Structures are given as C-alpha cells and as structure tokens.
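Let me begin by presenting the structure, written as structure tokens, before commenting on it.
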Amino acid sequence: MPSDFTWDSWIGTTAALGVAIVVAAAALVVLALVAGLIGRRVPWVRDLARRIRNAMIVTAAVSAVWIALSVTEPAAQDWWPAVSRLFLIATIVTGSWLVAASASFGFERLIDREESALVGPEARRRRTQLLVIHRLVLVTIAVLALGAVLFTFPEMRAVGTSLLASAGIVSIIAGLAAQSILGNLIAGVQVAFTDAIKVGDVVVIQGEWGRIGEINLSYVVVYIWDERRLVVPCSYFTTTPIETWTRRSDKILGTVYLDLDWRVPMDELRAEFARVVEASSAWDGRSLDAVVTDAQGGVVTVRLVMSAKDSGDQWSLRCEVREKMIGWLQREHPEALPRTRVDMGAARDAD
C-alpha cells in the first residue's frame, strides 16, 4: 500500500462507499415504489420492475461503488486505472444484462398479446417472427457489449483502426471463412419472415412426422411424435422441399385404404363408415367419403376419406376408423376380407 494511503483515507473511502450504497438503495426503493403505484393501473409496469429487479440492483451497486472510489483516495493510486477499467467492464456487462432483460420482457408481452388476439397459422407466423427478432436483438446486445468491453483496452482500439483500414480484405476473408455460418444465419431470418414454416407447424422431414418446436437463428428443432428431437440447419428449409400440413390452416383430410375382396357390399360399407365417423369426437363435420379407387390383383381398394380440425385429431380418427371397420367386416361380412384364390382344377389338368 502506498505511504499516502493513510487511516484517514480509509475512513473517507469507507464513508463515501457507504453514502453511495445508501443513495443507490434509496433510488432503487423510490423506483420500486413508483413502479408499484403505477402498476396498480398498468400491471405490466409492476411485472417489468419485477423482471429487471436483479439486473438493476447489480448495475446500481457496481456504479455506486465505482463512483465512490473514483472521487476518493483510491483514484490517486497507481493501481486505480486497472481497477477502474474493471469497474467499467462490469458496468458495461451489467448494463447490457439490464437492457437484455427489458427487451426480453417486451418481446414476451408482444408474443402473449399476439397469441391471445390471433389463432391458427397467423398466430404461429407472428410468434415465429417475434421469436427470431427477439434472438437477433439479444445477439446484437451481446455483440455490442463485447465490442464495448474490447474497446476499453487501448491495444484493441489500435487493432480496430487497422481492421477498419483494411476492411475490404478482411470482409473477403471473413466471408469465405464463415460462408456456411453466415448463410445459415441469413437462412434463419429468411425462414422466419418468408412464412415457410412456423413454430407449431406439422411437417414431414426426411420421413419423420413432427411439429416445429423451436426456430433459432441457425437451426430448427422438430419435435418428433415419439418424443425424439430432429435438429435441422435453417438452410435446409430454404433449399429442400418439405411437406407441411398446417401452412394456411390446421384443418386436414385423413385417408384410410382397405384392400378387400370383390364381394364387399359397398352400400353397407359406406353406411357403416358414415356411422363410425359421425359418432367420433375427432370428426369436424366437414366431409366424409368412401369410394373404390382400384380393382386389380384379386382385390378392390376402398379409400375412406374423413376430415378433422387438426393433424392430431386426424391421426386419432384414422386409427379409430381403421380399427372399427376391420372389426365390422370380420363380424358382418367375412366374405369381404381379402383372400387368395387358387384354381385346383387347372392344377389337376396340368398333372
């Protein structure tokens, strides 16, 4: 410790720290009281104050200690510039945390409002776009904070000036080195704003059926029906055809195919099919139909078509119809079940 850092200096520094902390605490209490009063009429203000409380406390504490030390004896010491830089970095980091928390709160409120005001594909589209913008904002805040921290060092300022002077060469090298990464990031923004897919959409990708669970800046997570997770790069959705069942509407038609004997009574089958579908809670009442679509190889192919309000109900309805129609055929018309015919007379003649 330098010889000029006396006991009186310690007392003055401690007093300044105490005053600074008390003032910061008083300011936080006043802000909390004001937020509470306003929150009685505007509930989101109270929610915002609760959300950013920790970040505000840490930011206020760091700033108060930094100010108290900078106006007292430590500011005259040889080691103060290094410590002051640490406080500056801490202030930048905590301030960025405060800004990010506020931004996250705002985006979450926007998403909740859109989901309550809209339904169906439009709600999923807006939610997807807001999620991507939210992540872009958080990444931007983090990059700006990192840049501000680096530029607190004089050496980094010199490096930054040199990089700006040779921006053309650097941009070419960076573009070649990060072509895949940047392409994926751009694809992520493109996926969000071209309405190709949305969070909650039902898709079939590489033979896997599932829902779009997460859309990040560089990859998309598909929640497979059996609880697996398929992670796909965003660029996949801009370069490869995909099958989506909910692009414009959740409503969907389901199909069940039955290969039956030529003796199947179609009129009775249609009546039973209509009875089964109409009795099911998964049917949305839009349409149902039963037609013969093929007749070859000793069997006829009967196509049963039914509608449902979404893919989940469609799956349940198809399984229910398939099971009950097979049971009805077994009980009432076993002659309609598929069979293989062999002409034994032709076989004896051949012998």
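Residues are named by chain letter and number: chains run A, B, ... in the order of the structure tokens, numbers start at 1 in each chain, and ligands are numbered from 1 in the order shown.
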Every residue of region 212-253 of chain A that DSSP places in strand (DSSP E), as JSON, numbers by chain: {"A": [212, 213, 214, 215, 219, 220, 221, 222, 223, 224, 229, 230, 231, 232, 233, 243, 244, 252, 253]}
Surrounding residues of Gly213 (chain A) excluding itself and chain neighbours under 6 positions, 9 Å, only C-alpha atoms, as number ranges by chain: A: 198-201, 220-223, 229
Selection: 6 Å around region 248-264 of chain A, only C-alpha atoms, excl. self and same-chain fewer than 3 positions, as a ChimeraX atom specification: /A:121,299-310,314,336-338
With the cut-off set at 8 Å and counting only C-alpha atoms, tabulate each residue of region 41-119 of chain A with an atom at most that distance from an atom of region 132-136 of chain A, showing the nearest atom pair and its distance in Å to one decimal, ordered by chain and increasing number, as CSV.
```
residue,atom,partner,partner_atom,distance
A:Ala103,CA,A:His134,CA,7.7
A:Ser104,CA,A:His134,CA,7.0
A:Phe107,CA,A:His134,CA,6.3
```
Export, as a PDB file, in the first residue's frame, the selected residues with all heavy atoms.
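Generated file (part-v1.pdb):
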```
ATOM      1  N   ALA A 103     -35.598  -5.949 -22.857  1.00  0.00           N
ATOM      2  CA  ALA A 103     -36.009  -6.342 -24.209  1.00  0.00           C
ATOM      3  C   ALA A 103     -36.749  -7.674 -24.184  1.00  0.00           C
ATOM      4  O   ALA A 103     -37.771  -7.838 -24.874  1.00  0.00           O
ATOM      5  CB  ALA A 103     -34.786  -6.424 -25.118  1.00  0.00           C
ATOM      6  N   SER A 104     -36.263  -8.619 -23.407  1.00  0.00           N
ATOM      7  CA  SER A 104     -36.928  -9.920 -23.320  1.00  0.00           C
ATOM      8  C   SER A 104     -38.344  -9.775 -22.773  1.00  0.00           C
ATOM      9  O   SER A 104     -39.285 -10.412 -23.269  1.00  0.00           O
ATOM     10  CB  SER A 104     -36.119 -10.871 -22.439  1.00  0.00           C
ATOM     11  OG  SER A 104     -34.865 -11.150 -23.014  1.00  0.00           O
ATOM     12  N   PHE A 107     -40.595  -8.384 -25.577  1.00  0.00           N
ATOM     13  CA  PHE A 107     -40.934  -9.372 -26.601  1.00  0.00           C
ATOM     14  C   PHE A 107     -41.888 -10.433 -26.064  1.00  0.00           C
ATOM     15  O   PHE A 107     -42.787 -10.879 -26.784  1.00  0.00           O
ATOM     16  CB  PHE A 107     -39.661 -10.024 -27.138  1.00  0.00           C
ATOM     17  CG  PHE A 107     -38.985  -9.221 -28.207  1.00  0.00           C
ATOM     18  CD1 PHE A 107     -37.839  -8.505 -27.936  1.00  0.00           C
ATOM     19  CD2 PHE A 107     -39.511  -9.176 -29.480  1.00  0.00           C
ATOM     20  CE1 PHE A 107     -37.212  -7.756 -28.916  1.00  0.00           C
ATOM     21  CE2 PHE A 107     -38.893  -8.438 -30.478  1.00  0.00           C
ATOM     22  CZ  PHE A 107     -37.741  -7.708 -30.196  1.00  0.00           C
TER      23      PHE A 107
END
```
Counting only C-alpha atoms, the residue of A:Val204, A:Ala101, A:Val292, A:Leu131 that sits nearest Ala55 (chain A):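 Using only C-alpha atoms, the shortest distance to Ala55 (chain A) belongs to A:Ala101.
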Pick from A:Glu323, A:Ile92, A:Leu130, A:Trp328 nearest to Ala60 (chain A), counting only C-alpha atoms: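 Nearest candidate to Ala60 (chain A) out of A:Glu323, A:Ile92, A:Leu130, A:Trp328: A:Ile92.
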